[in-house]
Amino acid sequence: MKFSEDWLRSLVDIPADRPGLTSRLTMSGLEVASVEAIGASLDGVIVARIVGCSPHPDADKLRVCRVDTGAGEVQIVCGAPNARAGLAAPLAMVGARLPNGIAIKTAKLRGIESQGMLCSAKELGIDADTSGLLELPEDAPVGKPLAAYLGLPDAAIEIELTPNRGDCLGMLGLAFEVAAEFGSTARPFPPAAVAPVIAAPRRIRLEAGADCPRYLGRAVRGIDMTAATPVWIAQRLRAAGLHPINAVVDVTNYVMLETGQPLHAFDETRLDGAIVVRHAHEGESLKLLDGSEARLDPAFLVIADERKPLAVAGVMGGFDSRVIEATRDVFLEAAHFAATAIVGRARRLGLATDAAHRFERGVDPELPRAAIERATALLIGIAGGEAGEVIEAVQREHLPQRAPITLRRARIGRVLGIEVEDSVVERILTALGMRVEARDDGWRVTPPARRFDISIEEDLIEEVARIRGYATVPVRLPAGAPPVPQADETVLPLSALRRGLAARGYHEAVCYAFVDPRLLEAWQLDANAVRLANPLSAEMAVMRTSLLPGLVEALRRNRNRQQARVRLFEAGRIFGRSEHARDTAAPAVQAAAPVETDMLAAVACGSAYAEQWGEPKRALDFFDTKGDLEALLALVGSPGTWSFDANDLPAWLHPGRGARLLRDGTVVGALGALHPLLQRQLDLPETYMFEVRSDGLRQRRISAARQLPHFPSIRRDIAVEVDDSLAWASIASAIRSELPAILQELVLFDCFRGPGLGLGRKSLAIGLILQDSSRTLTDQDADRCVADAVARLEGEFGARLRK
């Protein structure tokens, strides 16, 4: 929100200078982002009029102007394209120094003497416009100092408002805020009603009353579009960052800045029949004021007539019904739109408008009538014309209702830790425009309609603390010892997993929780995606259902920046629709709550080892990634609970180089190579990854000390021939279940395929480490264990012992 300081001071008495005002605004939560002085150094700059203008004899783009200063004529050489006879414009006299530091003196330009300088708004520090001379109204008094004529010096103050303070997007709401800050009172704003002079009836139909419960319109006929906007309005618009255009546009913009209520003006001759407020039809389109074509659907609210849409409600008007230079009759619109009906609509169209910015945050539902009366009075005062009656359609049951809030005196002391005098509380709340009724234990407070951010007792307490000053709240340490959090030893800290991955060469990444829906579709992970109602952009429109798409995108960006070996991991949360959300019969509150799941994921590509001399270079493979994951499983313990299988793999995994991770038979994750089709689509090299549920990974067995063995172990090595498709995990599980008490460790140390074996067969070399805690095992015991294990493998898998 950018505004003129002088404008604000005209609405409320402020007993502070500019630094005091800006400091107080910032400390109350309305952070001042910038302060720009306007017209601070305009001594020697006057209002002048060009009485003659001829081409420069030696320069095509220069003109020689005779300029009336009120005390005589001077000759000025000027290059502005809009310099012409009869134009009133600022003139910097010889000896003046402009805000940009330029000292004005007599000079010759291409051999012609120039006795001063005709100025643009940019050169005077009034506006950023450099397109030509600052054009002043025809009746501007020649010879009058420009600063006095424009009401300068002034300052443009810009404040950064949080989304809950839409009430301060208008000067009147800001005046209430400043009045409360400085203990003064905002001047009343009762716009006088403009009596209708002509009959201009028009029906209004509200077909979307919940989204637009109030709509007002009024015809003003016979206006003069060539009428100049008054200097004081134009200057306030410039200070707010808006350029004066014409009387109609300037009036609607000015009233929006003044009240916070956006308005729109239609060319009345372009309207056919009644005004209809409805939802857009599927596939309906509308050419907007900026020339763009808006493709609409029923999520958009439109203002239409009997035949066609006229405007996207709360966003932007249509091109065909716009006010043009030939317009003589206008139809003014002021409406109240529900914030939920406007939020995100402008962004979907690639727009950012002042109207949408306000309606998205909530606008006072009682403002439309006051705003349309104010706009009517200003427009007739500037451009003439005759006003028709104010036409209103309203569905009061859909208007926001402000319920009274009980504010307890004791609760203020409890929350703030200080006692605030009753008179101070009442002064602050009254100055903020609230209706305050005293009660025995406190007050009954009704917030004004513009304050959508106040709904509970704590909101009122916050207002008291904010206006009284946060610095007045004493800093006190809480009494008593804070509770010491007790770490659950059965849960492995996430930091241990992070350290484990970092130790294996991975770098931690933090990716956005919002992703491109097209990316999830490519990964086939979009089935339960939660779509955002108000996305930052189309590329961040859904919540992620997996950590891997974001991590792989980060890996791809690193690859594009000459990083051949990339290893990244992330511990974060994914989001998915619940069963209630997928059930159309479920209540809306339940459907709106996504399911959040903590996950740990990692991706890697390139060589298995960083460049070195001790190991030969080789590419990363499935077993490297599986080893990284097993290193994390080792931190958890409980080796017998983990298993891998290759069934029902996710669609993004390579069908021959992937596996699921199971704990006690329950799937908790997946690992493997990226699917070749997806790999080509993303333009990536061979990439390996894993993703595991944090809750399934972090549950661990509490470590327990045990006595060192008194008896030696025995190792027996065997080689068995099995079917090539048989997984090692199945063999290991069978051997462990056959020798549960004596088998201490099982090692696979060789896998052979080749001559001497049948087609589709492989040979596995297995080491069995046997140990008994009560006695020394004999060779006969070890041989019997080997025989039992071989027999189990032969019976269950058709294995054959190789001699």
# chains A, B, ... in the order shown; residues from 1 in each chain; ligands from 1
>>> residues_around(residues="Ala40 of chain A", least_positions_apart="6", cutoff="10 Å", atoms="only C-alpha atoms", output="JSON, numbers by chain")
{"A": [98, 99, 124, 125, 126, 147, 152, 153, 154, 155]}
>>> write_last_selection(atoms="N, CA and C atoms", output="PDB file, in the first residue's frame")
ATOM      1  N   LEU A  98      17.392  21.135  -9.527  1.00  0.00           N
ATOM      2  CA  LEU A  98      16.360  20.106  -9.487  1.00  0.00           C
ATOM      3  C   LEU A  98      16.691  19.026  -8.457  1.00  0.00           C
ATOM      4  N   PRO A  99      15.698  18.234  -8.033  1.00  0.00           N
ATOM      5  CA  PRO A  99      15.953  17.168  -7.054  1.00  0.00           C
ATOM      6  C   PRO A  99      17.017  16.170  -7.485  1.00  0.00           C
ATOM      7  N   LEU A 124      11.446  16.172 -11.921  1.00  0.00           N
ATOM      8  CA  LEU A 124      11.035  16.920 -10.731  1.00  0.00           C
ATOM      9  C   LEU A 124      10.917  16.029  -9.506  1.00  0.00           C
ATOM     10  N   GLY A 125      11.132  14.707  -9.677  1.00  0.00           N
ATOM     11  CA  GLY A 125      11.000  13.794  -8.544  1.00  0.00           C
ATOM     12  C   GLY A 125       9.575  13.584  -8.112  1.00  0.00           C
ATOM     13  N   ILE A 126       8.617  13.820  -9.035  1.00  0.00           N
ATOM     14  CA  ILE A 126       7.195  13.690  -8.710  1.00  0.00           C
ATOM     15  C   ILE A 126       6.659  12.322  -9.122  1.00  0.00           C
ATOM     16  N   ALA A 147       5.532  24.028  -6.559  1.00  0.00           N
ATOM     17  CA  ALA A 147       5.322  23.326  -5.291  1.00  0.00           C
ATOM     18  C   ALA A 147       4.035  23.776  -4.623  1.00  0.00           C
ATOM     19  N   LEU A 152       3.027  20.655  -2.689  1.00  0.00           N
ATOM     20  CA  LEU A 152       4.275  19.992  -2.320  1.00  0.00           C
ATOM     21  C   LEU A 152       5.060  20.890  -1.363  1.00  0.00           C
ATOM     22  N   PRO A 153       6.028  20.336  -0.619  1.00  0.00           N
ATOM     23  CA  PRO A 153       6.530  18.955  -0.699  1.00  0.00           C
ATOM     24  C   PRO A 153       5.618  17.961   0.002  1.00  0.00           C
ATOM     25  N   ASP A 154       5.777  16.712  -0.385  1.00  0.00           N
ATOM     26  CA  ASP A 154       4.996  15.598   0.150  1.00  0.00           C
ATOM     27  C   ASP A 154       5.930  14.404   0.222  1.00  0.00           C
ATOM     28  N   ALA A 155       5.397  13.263   0.631  1.00  0.00           N
ATOM     29  CA  ALA A 155       6.178  12.026   0.628  1.00  0.00           C
ATOM     30  C   ALA A 155       5.267  10.868   0.261  1.00  0.00           C
TER      31      ALA A 155
END
>>> residues_around(residues="segment 278-284 of chain A", least_positions_apart="6", cutoff="12 Å", atoms="only C-alpha atoms", output="JSON, numbers by chain")
{"A": [204, 205, 206, 207, 208, 209, 210, 211, 212, 213, 215, 293, 294, 295, 296, 297, 298, 299, 300, 301, 302, 303, 304, 305, 306, 308, 309, 310, 311, 312, 313, 337, 341, 342]}
>>> select_by_dssp(residues="segment 495-626 of chain A", states="strand (DSSP E)", output="ChimeraX atom specification")
/A:507-508,514-515,542-543,566-576,595-605
>>> write_last_selection(atoms="N, CA, C and O atoms", output="CSV table (one decimal), in the first residue's frame")
chain,number,residue,atom,x,y,z
A,507,HIS,N,24.7,-35.3,0.2
A,507,HIS,CA,24.5,-33.9,0.6
A,507,HIS,C,23.0,-33.8,0.9
A,507,HIS,O,22.1,-34.2,0.1
A,508,GLU,N,22.6,-33.1,2.0
A,508,GLU,CA,21.2,-32.9,2.3
A,508,GLU,C,20.6,-31.8,1.4
A,508,GLU,O,21.2,-30.7,1.2
A,514,PHE,N,5.7,-27.8,-2.8
A,514,PHE,CA,4.8,-27.6,-3.9
A,514,PHE,C,5.5,-28.0,-5.2
A,514,PHE,O,6.7,-27.6,-5.4
A,515,VAL,N,4.9,-28.8,-6.1
A,515,VAL,CA,5.5,-29.2,-7.3
A,515,VAL,C,4.6,-29.0,-8.5
A,515,VAL,O,3.4,-28.7,-8.3
A,542,VAL,N,0.5,-28.2,-6.8
A,542,VAL,CA,0.0,-29.4,-6.0
A,542,VAL,C,1.1,-29.7,-5.0
A,542,VAL,O,2.3,-29.3,-5.1
A,543,MET,N,0.6,-30.3,-3.9
A,543,MET,CA,1.6,-30.8,-2.8
A,543,MET,C,2.2,-32.1,-3.3
A,543,MET,O,1.6,-32.9,-4.0
A,566,VAL,N,26.6,-36.9,-8.4
A,566,VAL,CA,25.6,-36.2,-7.5
A,566,VAL,C,25.0,-37.2,-6.6
A,566,VAL,O,24.5,-38.3,-7.0
A,567,ARG,N,25.0,-36.9,-5.3
A,567,ARG,CA,24.4,-37.7,-4.3
A,567,ARG,C,23.6,-36.8,-3.3
A,567,ARG,O,24.2,-36.0,-2.6
A,568,LEU,N,22.3,-36.9,-3.3
A,568,LEU,CA,21.5,-36.0,-2.5
A,568,LEU,C,20.5,-36.8,-1.7
A,568,LEU,O,20.0,-37.9,-2.1
A,569,PHE,N,20.1,-36.3,-0.5
A,569,PHE,CA,19.1,-36.9,0.3
A,569,PHE,C,18.2,-35.8,0.9
A,569,PHE,O,18.6,-34.6,1.0
A,570,GLU,N,17.0,-36.2,1.3
A,570,GLU,CA,16.1,-35.2,2.0
A,570,GLU,C,15.2,-36.0,3.0
A,570,GLU,O,14.7,-37.1,2.7
A,571,ALA,N,15.1,-35.4,4.1
A,571,ALA,CA,14.1,-35.9,5.1
A,571,ALA,C,13.0,-34.9,5.2
A,571,ALA,O,13.2,-33.7,5.5
A,572,GLY,N,11.8,-35.3,4.8
A,572,GLY,CA,10.7,-34.3,4.7
A,572,GLY,C,9.4,-35.0,4.7
A,572,GLY,O,9.2,-36.2,4.9
A,573,ARG,N,8.3,-34.2,4.4
A,573,ARG,CA,7.0,-34.6,4.6
A,573,ARG,C,6.3,-34.7,3.2
A,573,ARG,O,6.5,-33.8,2.4
A,574,ILE,N,5.5,-35.7,2.9
A,574,ILE,CA,4.7,-35.8,1.7
A,574,ILE,C,3.2,-35.7,2.1
A,574,ILE,O,2.9,-35.8,3.2
A,575,PHE,N,2.4,-35.4,1.1
A,575,PHE,CA,1.0,-35.1,1.3
A,575,PHE,C,0.1,-35.9,0.3
A,575,PHE,O,0.5,-36.0,-0.8
A,576,GLY,N,-1.0,-36.4,0.8
A,576,GLY,CA,-1.9,-37.1,0.0
A,576,GLY,C,-3.3,-36.9,0.5
A,576,GLY,O,-3.5,-36.6,1.7
A,595,VAL,N,-3.4,-36.1,4.3
A,595,VAL,CA,-2.6,-37.0,5.1
A,595,VAL,C,-1.2,-36.7,4.9
A,595,VAL,O,-0.7,-36.6,3.8
A,596,GLU,N,-0.5,-36.5,6.0
A,596,GLU,CA,1.0,-36.1,6.0
A,596,GLU,C,1.8,-37.3,6.5
A,596,GLU,O,1.5,-37.9,7.5
A,597,THR,N,2.9,-37.6,5.7
A,597,THR,CA,3.7,-38.7,6.0
A,597,THR,C,5.2,-38.3,6.0
A,597,THR,O,5.6,-37.7,5.0
A,598,ASP,N,5.9,-38.6,7.0
A,598,ASP,CA,7.3,-38.3,7.0
A,598,ASP,C,8.1,-39.3,6.3
A,598,ASP,O,7.9,-40.5,6.5
A,599,MET,N,9.0,-38.9,5.4
A,599,MET,CA,9.7,-39.8,4.5
A,599,MET,C,11.2,-39.4,4.5
A,599,MET,O,11.6,-38.3,4.9
A,600,LEU,N,12.1,-40.4,4.1
A,600,LEU,CA,13.5,-40.2,3.9
A,600,LEU,C,13.8,-40.7,2.5
A,600,LEU,O,13.5,-41.9,2.2
A,601,ALA,N,14.4,-39.9,1.7
A,601,ALA,CA,14.7,-40.3,0.3
A,601,ALA,C,16.1,-39.9,0.0
A,601,ALA,O,16.7,-38.9,0.5
A,602,ALA,N,16.7,-40.6,-1.0
A,602,ALA,CA,18.0,-40.3,-1.5
A,602,ALA,C,18.1,-40.6,-3.0
A,602,ALA,O,17.4,-41.5,-3.5
A,603,VAL,N,18.9,-39.8,-3.7
A,603,VAL,CA,19.1,-40.1,-5.2
A,603,VAL,C,20.6,-40.0,-5.4
A,603,VAL,O,21.3,-39.3,-4.7
A,604,ALA,N,21.1,-40.7,-6.4
A,604,ALA,CA,22.5,-40.7,-6.7
A,604,ALA,C,22.7,-41.1,-8.2
A,604,ALA,O,21.9,-41.9,-8.8
A,605,CYS,N,23.7,-40.5,-8.8
A,605,CYS,CA,24.1,-40.9,-10.1
A,605,CYS,C,25.6,-40.7,-10.3
A,605,CYS,O,26.3,-40.1,-9.4
>>> residues_around(residues="Gly95 of chain A", least_positions_apart="5", cutoff="7 Å", atoms="only C-alpha atoms", output="PyMOL selection string")
chain A and resi 103-105
>>> closest_residue(among="A:Glu258, A:Asp364, A:Glu462, A:Asp645", to="Phe189 of chain A", atoms="only C-alpha atoms")
A:Glu258
>>> closest_atom_pairs(of="segment 448-492 of chain A", to="segment 395-409 of chain A", cutoff="8 Å", atoms="only C-alpha atoms", output="Markdown table")
| residue | atom | partner | partner_atom | distance |
| --- | --- | --- | --- | --- |
| A:Pro448 | CA | A:Arg402 | CA | 7.4 |
| A:Ala449 | CA | A:Arg402 | CA | 6.5 |
| A:Ser455 | CA | A:Ile405 | CA | 7.2 |
| A:Ile456 | CA | A:Ile405 | CA | 6.4 |
| A:Glu457 | CA | A:Leu407 | CA | 5.6 |
| A:Leu460 | CA | A:Leu407 | CA | 7.3 |
| A:Ile461 | CA | A:Leu407 | CA | 7.9 |
>>> residues_around(residues="segment 373-378 of chain A", least_positions_apart="2", cutoff="9 Å", atoms="only C-alpha atoms", output="PyMOL selection string")
chain A and resi 191-194+218+220+248+251-252+254-255+263+332+368-371+380-383+387+390
>>> write_last_selection(atoms="N, CA and C atoms", output="PDB file, in the first residue's frame")
ATOM      1  N   PRO A 191     -20.009  10.619   2.915  1.00  0.00           N
ATOM      2  CA  PRO A 191     -20.211  11.220   1.606  1.00  0.00           C
ATOM      3  C   PRO A 191     -21.671  11.610   1.404  1.00  0.00           C
ATOM      4  N   ALA A 192     -21.870  12.819   0.976  1.00  0.00           N
ATOM      5  CA  ALA A 192     -23.233  13.287   0.758  1.00  0.00           C
ATOM      6  C   ALA A 192     -23.862  12.534  -0.406  1.00  0.00           C
ATOM      7  N   ALA A 193     -25.092  12.110  -0.226  1.00  0.00           N
ATOM      8  CA  ALA A 193     -25.784  11.398  -1.292  1.00  0.00           C
ATOM      9  C   ALA A 193     -26.071  12.347  -2.443  1.00  0.00           C
ATOM     10  N   VAL A 194     -25.822  11.882  -3.649  1.00  0.00           N
ATOM     11  CA  VAL A 194     -26.097  12.668  -4.852  1.00  0.00           C
ATOM     12  C   VAL A 194     -27.513  12.340  -5.307  1.00  0.00           C
ATOM     13  N   ARG A 218     -25.028   2.483 -10.894  1.00  0.00           N
ATOM     14  CA  ARG A 218     -25.620   3.809 -11.095  1.00  0.00           C
ATOM     15  C   ARG A 218     -25.176   4.365 -12.435  1.00  0.00           C
ATOM     16  N   VAL A 220     -24.479   7.506 -14.913  1.00  0.00           N
ATOM     17  CA  VAL A 220     -24.177   8.936 -14.982  1.00  0.00           C
ATOM     18  C   VAL A 220     -24.048   9.266 -16.464  1.00  0.00           C
ATOM     19  N   VAL A 248     -12.855   9.502 -15.617  1.00  0.00           N
ATOM     20  CA  VAL A 248     -13.596   8.339 -15.105  1.00  0.00           C
ATOM     21  C   VAL A 248     -12.650   7.362 -14.405  1.00  0.00           C
ATOM     22  N   VAL A 251     -11.197   8.857 -11.169  1.00  0.00           N
ATOM     23  CA  VAL A 251     -12.148   8.904 -10.056  1.00  0.00           C
ATOM     24  C   VAL A 251     -12.311   7.526  -9.426  1.00  0.00           C
ATOM     25  N   THR A 252     -12.468   6.480 -10.244  1.00  0.00           N
ATOM     26  CA  THR A 252     -12.638   5.134  -9.670  1.00  0.00           C
ATOM     27  C   THR A 252     -11.376   4.701  -8.921  1.00  0.00           C
ATOM     28  N   TYR A 254      -9.184   6.756  -7.520  1.00  0.00           N
ATOM     29  CA  TYR A 254      -9.060   7.599  -6.328  1.00  0.00           C
ATOM     30  C   TYR A 254      -9.978   7.101  -5.214  1.00  0.00           C
ATOM     31  N   VAL A 255     -11.227   6.773  -5.545  1.00  0.00           N
ATOM     32  CA  VAL A 255     -12.164   6.296  -4.523  1.00  0.00           C
ATOM     33  C   VAL A 255     -11.717   4.948  -3.974  1.00  0.00           C
ATOM     34  N   LEU A 263     -13.963  -0.086  -7.601  1.00  0.00           N
ATOM     35  CA  LEU A 263     -15.109   0.235  -8.442  1.00  0.00           C
ATOM     36  C   LEU A 263     -14.743  -0.031  -9.897  1.00  0.00           C
ATOM     37  N   LEU A 332     -21.613   3.041 -13.282  1.00  0.00           N
ATOM     38  CA  LEU A 332     -20.674   2.784 -12.199  1.00  0.00           C
ATOM     39  C   LEU A 332     -21.093   1.536 -11.428  1.00  0.00           C
ATOM     40  N   PRO A 368     -19.833  -0.355  -0.417  1.00  0.00           N
ATOM     41  CA  PRO A 368     -20.228  -0.056  -1.791  1.00  0.00           C
ATOM     42  C   PRO A 368     -21.094   1.177  -1.970  1.00  0.00           C
ATOM     43  N   ARG A 369     -22.091   1.389  -1.090  1.00  0.00           N
ATOM     44  CA  ARG A 369     -22.956   2.563  -1.275  1.00  0.00           C
ATOM     45  C   ARG A 369     -22.179   3.850  -1.056  1.00  0.00           C
ATOM     46  N   ALA A 370     -21.378   3.919   0.021  1.00  0.00           N
ATOM     47  CA  ALA A 370     -20.600   5.128   0.270  1.00  0.00           C
ATOM     48  C   ALA A 370     -19.626   5.394  -0.877  1.00  0.00           C
ATOM     49  N   ALA A 371     -19.013   4.333  -1.410  1.00  0.00           N
ATOM     50  CA  ALA A 371     -18.038   4.494  -2.477  1.00  0.00           C
ATOM     51  C   ALA A 371     -18.702   4.991  -3.758  1.00  0.00           C
ATOM     52  N   ILE A 380     -19.174  13.955 -11.337  1.00  0.00           N
ATOM     53  CA  ILE A 380     -20.007  15.061 -11.812  1.00  0.00           C
ATOM     54  C   ILE A 380     -19.295  16.391 -11.599  1.00  0.00           C
ATOM     55  N   GLY A 381     -18.571  16.501 -10.479  1.00  0.00           N
ATOM     56  CA  GLY A 381     -17.840  17.730 -10.221  1.00  0.00           C
ATOM     57  C   GLY A 381     -16.727  17.979 -11.223  1.00  0.00           C
ATOM     58  N   ILE A 382     -16.182  16.920 -11.794  1.00  0.00           N
ATOM     59  CA  ILE A 382     -15.068  17.058 -12.740  1.00  0.00           C
ATOM     60  C   ILE A 382     -15.560  17.096 -14.180  1.00  0.00           C
ATOM     61  N   ALA A 383     -16.413  16.122 -14.528  1.00  0.00           N
ATOM     62  CA  ALA A 383     -16.773  15.927 -15.934  1.00  0.00           C
ATOM     63  C   ALA A 383     -18.228  16.251 -16.233  1.00  0.00           C
ATOM     64  N   ALA A 387     -26.843  12.265 -12.812  1.00  0.00           N
ATOM     65  CA  ALA A 387     -26.849  10.967 -12.147  1.00  0.00           C
ATOM     66  C   ALA A 387     -28.235  10.367 -12.116  1.00  0.00           C
ATOM     67  N   VAL A 390     -29.432   5.146  -7.520  1.00  0.00           N
ATOM     68  CA  VAL A 390     -28.567   4.033  -7.133  1.00  0.00           C
ATOM     69  C   VAL A 390     -29.413   2.763  -7.114  1.00  0.00           C
TER      70      VAL A 390
END
>>> residues_around(residues="Arg24 of chain A", least_positions_apart="2", cutoff="12 Å", atoms="only C-alpha atoms", output="PyMOL selection string")
chain A and resi 14-22+26-32+159+177-182+466-471
>>> closest_residue(among="A:Val790, A:Val35, A:Leu174, A:Leu697", to="Thr641 of chain A", atoms="only C-alpha atoms")
A:Leu697
>>> select_by_dssp(residues="segment 160-308 of chain A", states="alpha helix (DSSP H)", output="VMD selection string")
chain A and resid 171 to 182 231 to 239 247 to 259
>>> residues_around(residues="Met93 of chain A", least_positions_apart="5", cutoff="12 Å", atoms="only C-alpha atoms", output="PyMOL selection string")
chain A and resi 42-48+67-69+71+73-76+98+102-106+114-119+143+145-146
>>> write_last_selection(atoms="N, CA and C atoms", output="compact mmCIF listing (two decimals), in the first residue's frame")
# COMPACT_ATOMS: atom_id res chain seq x y z
N LEU A 42 12.09 22.22 -5.05
CA LEU A 42 11.56 22.76 -6.30
C LEU A 42 11.60 24.28 -6.32
N ASP A 43 12.51 24.86 -5.55
CA ASP A 43 12.66 26.32 -5.60
C ASP A 43 13.10 26.72 -7.00
N GLY A 44 12.45 27.73 -7.54
CA GLY A 44 12.79 28.19 -8.89
C GLY A 44 12.05 27.46 -9.98
N VAL A 45 11.15 26.56 -9.64
CA VAL A 45 10.33 25.86 -10.63
C VAL A 45 8.92 26.44 -10.57
N ILE A 46 8.41 26.92 -11.69
CA ILE A 46 7.13 27.60 -11.72
C ILE A 46 6.21 26.95 -12.75
N VAL A 47 4.95 27.38 -12.70
CA VAL A 47 3.99 27.01 -13.73
C VAL A 47 4.18 27.95 -14.91
N ALA A 48 4.38 27.41 -16.10
CA ALA A 48 4.58 28.22 -17.30
C ALA A 48 3.71 27.70 -18.42
N VAL A 67 8.09 30.69 -24.05
CA VAL A 67 7.40 30.27 -22.84
C VAL A 67 7.05 31.49 -22.00
N ASP A 68 5.76 31.57 -21.63
CA ASP A 68 5.26 32.65 -20.77
C ASP A 68 5.51 32.25 -19.31
N THR A 69 6.23 33.08 -18.56
CA THR A 69 6.53 32.80 -17.15
C THR A 69 5.65 33.60 -16.20
N ALA A 71 5.88 36.72 -15.94
CA ALA A 71 6.61 37.98 -15.80
C ALA A 71 7.30 38.33 -17.11
N GLU A 73 8.39 36.60 -21.32
CA GLU A 73 8.64 35.40 -22.09
C GLU A 73 10.12 35.07 -22.12
N VAL A 74 10.42 33.76 -22.13
CA VAL A 74 11.79 33.28 -22.26
C VAL A 74 11.83 32.25 -23.39
N GLN A 75 13.02 32.03 -23.90
CA GLN A 75 13.20 31.04 -24.97
C GLN A 75 13.77 29.76 -24.39
N ILE A 76 13.11 28.63 -24.69
CA ILE A 76 13.53 27.33 -24.17
C ILE A 76 13.69 26.37 -25.34
N LEU A 98 17.39 21.13 -9.53
CA LEU A 98 16.36 20.11 -9.49
C LEU A 98 16.69 19.03 -8.46
N ILE A 102 20.60 18.51 -10.94
CA ILE A 102 20.90 19.31 -12.12
C ILE A 102 20.73 20.80 -11.78
N ALA A 103 21.77 21.59 -12.03
CA ALA A 103 21.70 23.04 -11.84
C ALA A 103 21.32 23.67 -13.18
N ILE A 104 20.32 24.52 -13.17
CA ILE A 104 19.81 25.12 -14.39
C ILE A 104 20.55 26.44 -14.67
N LYS A 105 21.06 26.54 -15.86
CA LYS A 105 21.74 27.76 -16.28
C LYS A 105 21.48 27.98 -17.77
N THR A 106 21.77 29.21 -18.21
CA THR A 106 21.60 29.51 -19.63
C THR A 106 22.61 28.69 -20.44
N SER A 114 19.04 28.61 -24.69
CA SER A 114 17.91 28.13 -23.89
C SER A 114 18.03 28.73 -22.50
N GLN A 115 16.96 29.42 -22.06
CA GLN A 115 17.00 30.16 -20.79
C GLN A 115 16.20 29.44 -19.71
N GLY A 116 16.44 28.18 -19.53
CA GLY A 116 15.75 27.39 -18.52
C GLY A 116 15.48 25.99 -19.03
N MET A 117 14.59 25.29 -18.36
CA MET A 117 14.33 23.89 -18.74
C MET A 117 12.88 23.52 -18.43
N LEU A 118 12.15 23.12 -19.47
CA LEU A 118 10.83 22.53 -19.28
C LEU A 118 11.00 21.10 -18.78
N CYS A 119 10.21 20.70 -17.78
CA CYS A 119 10.53 19.47 -17.02
C CYS A 119 9.47 18.40 -17.14
N GLY A 143 3.12 31.38 -13.64
CA GLY A 143 3.98 32.14 -12.74
C GLY A 143 3.95 31.68 -11.31
N PRO A 145 4.59 29.34 -8.13
CA PRO A 145 5.55 28.27 -7.83
C PRO A 145 4.87 26.90 -7.94
N LEU A 146 5.53 25.97 -8.61
CA LEU A 146 4.94 24.66 -8.85
C LEU A 146 4.64 23.93 -7.54
>>> closest_residue(among="A:Lys108, A:Arg49, A:Arg715, A:Arg476", to="Ala89 of chain A", atoms="only C-alpha atoms")
A:Arg49
>>> residues_around(residues="segment 610-618 of chain A", least_positions_apart="4", cutoff="10 Å", atoms="only C-alpha atoms", output="list of chain:residue names")
A:Gly505, A:Arg565, A:Val566, A:Gly606
>>> closest_residue(among="A:Asp516, A:Glu360, A:Glu489, A:Asp779", to="Val530 of chain A", atoms="only C-alpha atoms")
A:Asp516
>>> closest_residue(among="A:Gly413, A:Pro262, A:Gly318, A:Gly173", to="Ala431 of chain A", atoms="only C-alpha atoms")
A:Gly173
>>> closest_residue(among="A:Gly291, A:Pro493, A:Gly151, A:Gly362", to="Gln235 of chain A", atoms="only C-alpha atoms")
A:Gly151
